[in-house]
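As provided, entry.cif (mmCIF, C-alpha atoms) reads as follows.
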```
data_data
loop_
_atom_site.label_atom_id
_atom_site.label_comp_id
_atom_site.auth_asym_id
_atom_site.auth_seq_id
_atom_site.Cartn_x
_atom_site.Cartn_y
_atom_site.Cartn_z
CA MET A 1311 -105.61 104.69 -9.79
CA VAL A 1312 -102.62 104.18 -7.51
CA LYS A 1313 -103.30 104.63 -3.82
CA TYR A 1314 -100.67 106.02 -1.47
CA CYS A 1315 -101.00 103.00 0.83
CA GLU A 1316 -100.32 100.61 -2.10
CA LEU A 1317 -97.31 102.69 -3.16
CA PHE A 1318 -96.03 102.76 0.42
CA TRP A 1319 -96.50 99.01 0.94
CA SER A 1320 -94.80 98.11 -2.35
CA PHE A 1321 -91.69 100.17 -1.64
CA PHE A 1322 -91.70 99.13 2.03
CA LYS A 1323 -91.52 95.47 0.92
CA ILE A 1324 -88.77 96.28 -1.56
CA GLY A 1325 -86.70 98.06 1.08
CA THR A 1326 -87.36 95.46 3.75
CA PHE A 1327 -86.81 92.19 1.93
CA THR A 1328 -83.88 92.92 -0.36
CA LEU A 1329 -80.32 92.12 0.67
CA GLY A 1330 -77.39 93.34 -1.37
CA GLY A 1331 -78.20 96.95 -2.16
CA GLY A 1332 -79.76 98.73 -5.10
CA TYR A 1333 -79.01 96.31 -7.92
CA ALA A 1334 -80.30 93.39 -5.89
CA MET A 1335 -83.59 95.31 -5.57
CA ILE A 1336 -84.19 95.42 -9.31
CA PRO A 1337 -85.87 91.99 -9.61
CA LEU A 1338 -88.21 92.70 -6.69
CA MET A 1339 -88.97 96.18 -8.04
CA GLU A 1340 -89.75 94.73 -11.43
CA GLN A 1341 -92.02 92.11 -9.90
CA GLU A 1342 -93.88 94.72 -7.82
CA LEU A 1343 -94.07 97.61 -10.29
CA VAL A 1344 -94.40 95.80 -13.63
CA ASP A 1345 -95.72 92.30 -13.00
CA ARG A 1346 -97.89 92.64 -9.89
CA HIS A 1347 -99.35 96.14 -10.17
CA GLY A 1348 -98.76 97.03 -13.83
CA TRP A 1349 -97.84 100.57 -12.86
CA LEU A 1350 -95.00 100.55 -15.40
CA SER A 1351 -94.48 98.74 -18.67
CA GLN A 1352 -91.30 96.69 -19.07
CA ALA A 1353 -89.81 99.41 -21.31
CA ASP A 1354 -90.74 102.17 -18.85
CA PHE A 1355 -89.23 100.18 -16.00
CA LEU A 1356 -85.94 99.70 -17.87
CA ASP A 1357 -85.90 103.42 -18.73
CA GLN A 1358 -86.43 104.24 -15.06
CA VAL A 1359 -83.58 101.90 -14.06
CA ALA A 1360 -81.27 103.51 -16.62
CA LEU A 1361 -82.23 107.00 -15.48
CA SER A 1362 -81.78 106.05 -11.82
CA GLN A 1363 -78.35 104.59 -12.54
CA SER A 1364 -77.22 107.73 -14.29
CA MET A 1365 -78.24 110.00 -11.39
CA PRO A 1366 -76.00 110.62 -8.39
CA GLY A 1367 -77.09 108.83 -5.26
CA VAL A 1368 -78.46 105.47 -4.23
CA LEU A 1369 -80.20 103.47 -6.97
CA ALA A 1370 -83.08 102.37 -4.73
CA VAL A 1371 -83.81 105.93 -3.60
CA ASN A 1372 -83.55 107.23 -7.15
CA MET A 1373 -85.97 104.54 -8.34
CA ALA A 1374 -88.40 105.27 -5.50
CA THR A 1375 -88.23 108.99 -6.23
CA GLY A 1376 -88.79 108.60 -9.96
CA VAL A 1377 -91.51 105.97 -9.78
CA GLY A 1378 -93.29 107.71 -6.90
CA TYR A 1379 -93.25 111.00 -8.80
CA ARG A 1380 -94.48 109.36 -11.99
CA LEU A 1381 -97.37 107.68 -10.20
CA LYS A 1382 -98.43 110.28 -7.62
CA GLY A 1383 -96.34 113.43 -8.07
CA LEU A 1384 -94.20 114.97 -5.34
CA ARG A 1385 -96.17 113.33 -2.51
CA GLY A 1386 -95.76 109.98 -4.23
CA SER A 1387 -91.99 110.50 -4.31
CA VAL A 1388 -91.92 111.22 -0.60
CA VAL A 1389 -94.12 108.22 0.22
CA ALA A 1390 -92.05 105.84 -1.92
CA VAL A 1391 -88.69 107.07 -0.60
CA VAL A 1392 -89.75 106.98 3.07
CA ALA A 1393 -91.20 103.50 2.63
CA ASN A 1394 -88.09 102.28 0.79
CA VAL A 1395 -85.57 103.47 3.39
CA MET A 1396 -87.59 103.00 6.61
CA MET A 1397 -86.67 99.40 7.44
CA PRO A 1398 -83.04 99.60 6.26
CA ILE A 1399 -82.52 102.64 8.52
CA ILE A 1400 -84.12 100.85 11.49
CA PHE A 1401 -82.08 97.72 10.75
CA ILE A 1402 -78.80 99.64 10.41
CA ILE A 1403 -79.36 101.55 13.66
CA THR A 1404 -80.23 98.33 15.49
CA LEU A 1405 -77.28 96.48 13.97
CA ALA A 1406 -74.90 99.31 14.85
CA MET A 1407 -76.09 99.24 18.46
CA LEU A 1408 -75.69 95.46 18.72
CA TYR A 1409 -72.64 94.93 16.49
CA ARG A 1410 -69.99 95.28 19.18
CA TYR A 1411 -71.68 92.51 21.17
CA PHE A 1412 -71.95 90.09 18.26
CA ARG A 1413 -69.05 90.89 15.92
CA SER A 1414 -66.89 88.02 17.13
CA ASN A 1415 -69.75 85.51 17.25
CA PRO A 1416 -69.03 82.69 14.77
CA HIS A 1417 -72.73 82.37 13.89
CA VAL A 1418 -72.85 86.03 12.85
CA GLU A 1419 -69.68 85.59 10.80
CA HIS A 1420 -71.18 82.51 9.09
CA PHE A 1421 -74.39 84.41 8.39
CA PHE A 1422 -72.49 87.12 6.54
CA MET A 1423 -70.40 84.53 4.71
CA GLY A 1424 -73.62 82.90 3.52
CA VAL A 1425 -75.29 86.18 2.50
CA ARG A 1426 -72.40 87.31 0.27
CA PRO A 1427 -72.88 84.73 -2.52
CA ALA A 1428 -76.63 85.29 -2.49
CA ALA A 1429 -76.09 89.03 -2.83
CA VAL A 1430 -73.78 88.44 -5.81
CA ALA A 1431 -76.45 86.31 -7.50
CA LEU A 1432 -79.12 88.93 -6.80
CA ILE A 1433 -76.92 91.53 -8.47
CA ALA A 1434 -75.83 89.32 -11.40
CA ALA A 1435 -79.36 88.35 -12.50
CA PRO A 1436 -80.57 91.91 -13.24
CA VAL A 1437 -77.24 92.77 -14.85
CA PHE A 1438 -77.75 90.03 -17.45
CA LYS A 1439 -81.37 91.03 -17.96
CA LEU A 1440 -80.47 94.71 -18.35
CA ALA A 1441 -77.69 93.80 -20.78
CA LYS A 1442 -80.15 91.85 -22.91
CA SER A 1443 -82.71 94.68 -22.79
CA ALA A 1444 -80.04 97.25 -23.62
CA GLY A 1445 -79.22 95.38 -26.80
CA ILE A 1446 -75.81 94.17 -25.69
CA GLY A 1447 -74.94 91.28 -27.94
CA TRP A 1448 -71.79 89.69 -29.24
CA LYS A 1449 -70.89 92.80 -31.26
CA THR A 1450 -71.13 95.16 -28.30
CA LEU A 1451 -70.14 92.84 -25.46
CA TRP A 1452 -66.63 94.26 -25.56
CA VAL A 1453 -67.82 97.58 -24.06
CA PRO A 1454 -68.91 96.32 -20.62
CA VAL A 1455 -66.11 93.73 -20.56
CA ALA A 1456 -63.45 96.36 -21.35
CA SER A 1457 -64.99 98.73 -18.80
CA ALA A 1458 -64.97 96.08 -16.09
CA LEU A 1459 -61.38 95.08 -16.87
CA LEU A 1460 -60.20 98.70 -16.81
CA ILE A 1461 -61.75 99.19 -13.39
CA TRP A 1462 -60.92 95.81 -11.88
CA LEU A 1463 -57.49 94.96 -13.31
CA LEU A 1464 -55.99 98.36 -14.00
CA GLY A 1465 -57.64 100.29 -11.19
CA VAL A 1466 -59.02 102.99 -13.49
CA ASN A 1467 -61.42 105.27 -11.65
CA PRO A 1468 -65.01 104.38 -12.66
CA ILE A 1469 -65.76 108.07 -13.24
CA PHE A 1470 -63.21 108.14 -16.07
CA VAL A 1471 -64.67 104.95 -17.56
CA ILE A 1472 -68.16 106.50 -17.48
CA LEU A 1473 -66.93 109.75 -19.05
CA ALA A 1474 -65.08 107.81 -21.75
CA ALA A 1475 -68.20 105.70 -22.45
CA ILE A 1476 -70.30 108.86 -22.76
CA ALA A 1477 -67.77 110.43 -25.13
CA LEU A 1478 -67.52 107.26 -27.24
CA GLY A 1479 -71.32 106.91 -27.32
CA LEU A 1480 -71.73 110.51 -28.50
CA LEU A 1481 -69.00 110.05 -31.12
CA ALA A 1482 -70.57 106.81 -32.37
CA GLY A 1483 -73.95 108.53 -32.57
CA LEU A 1484 -72.51 111.42 -34.56
CA LEU A 1485 -70.65 109.11 -36.92
CA ASN A 1486 -73.74 106.95 -37.37
CA ARG A 1487 -75.87 110.01 -38.13
CA LYS A 1488 -73.35 111.33 -40.66
CA GLY A 1489 -73.18 107.88 -42.26
CA ASN A 1490 -76.97 107.80 -42.61
CA GLU A 1491 -77.04 111.28 -44.20
CA ALA A 1492 -74.52 110.34 -46.86
#
```
With the file now loaded, output its structure as structure tokens.
Amino acid sequence: MVKYCELFWSFFKIGTFTLGGGYAMIPLMEQELVDRHGWLSQADFLDQVALSQSMPGVLAVNMATGVGYRLKGLRGSVVAVVANVMMPIIFIITLAMLYRYFRSNPHVEHFFMGVRPAAVALIAAPVFKLAKSAGIGWKTLWVPVASALLIWLLGVNPIFVILAAIALGLLAGLLNRKGNEA
């Protein structure tokens, strides 16, 4: 049985020790929720990630809400979300208060220059793992590549890319179903 203090501590660690935002949190979340505690199976975790990505809002908060609710109901959601955002909020407030004093400090600039590549790696690793779990192979690799190129090179609004992907997915599902009925 999951205890509130364990749920709090797990999401507190996730929120405290992850740099790079929601996607960078995925490996630590997986380690805590699947590997360490066994609260979710690998498939359930990936479903929760997909659901959290498709919801409006911050991925980390969506994950905390969904997992907390699944494990301990509404109170679990509140505990997980508060734990997940507590340290980032404290850090952001502190940084905002001190930023004007340190913004031109070369050590601070170098720190942020060093954190950027690490954040990219923390985001890239779960992307590849999610792609593999989602069944993206050589036949379907064109979908994320085309989506990324539309957004990056042509400046297409990501909302339109998402809506087009939904429409194409529904159309492919309908065509596949009709093909199986024939």
Out of A:Met1311, A:Leu1440, A:Met1407, A:Ala1429, which residue has the shortest atom-to-atom distance to Gln1358 in chain A when counting all atoms listed in the file?
->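 The answer is A:Leu1440, which sits nearest to Gln1358 in chain A.
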Point-to-point distance in Å for CA of Val1418 in chain A and CA of Phe1401 in chain A =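 Spanning CA of Phe1401 in chain A to CA of Val1418 in chain A is a straight-line distance of 15.0 Å.
Candidate residues A:Leu1317, A:Ala1360, A:Leu1432, A:Val1425 were compared for distance to Val1391 in chain A, and the nearest is A:Leu1317, using all atoms listed in the file.
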Expanded to explicit residues, what is the PyMOL selection byres ((chain A and resi 1334-1342) around 10) for this file, as number ranges by chain?
-> A: 1317, 1320-1321, 1323-1325, 1327-1333, 1343-1352, 1355-1356, 1359, 1369-1370, 1373-1374, 1428-1437, 1439-1440
Quick one: distance from CA of Val1471 in chain A to CA of Val1377 in chain A in Å, one decimal?
-> 28.0 Å
Where does the PyMOL selection byres ((chain A and resi 1315) around 12) land in this file, that is, which residues does it pick, as JSON, numbers by chain?
-> {"A": [1311, 1312, 1313, 1314, 1316, 1317, 1318, 1319, 1320, 1321, 1322, 1378, 1382, 1385, 1386, 1389, 1390, 1393]}
Between A:Thr1375, A:Asn1467, A:Gly1489, A:Arg1410, which one has atoms that come closest to Asn1394 in chain A, using only C-alpha atoms?
->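 Of A:Thr1375, A:Asn1467, A:Gly1489, A:Arg1410, the one nearest Asn1394 in chain A, counting only C-alpha atoms, is A:Thr1375.
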Distance CA of Thr1326 in chain A-CA of Ile1399 in chain A, one decimal place?
->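 Straight-line distance from CA of Thr1326 in chain A to CA of Ile1399 in chain A works out to 9.9 Å.
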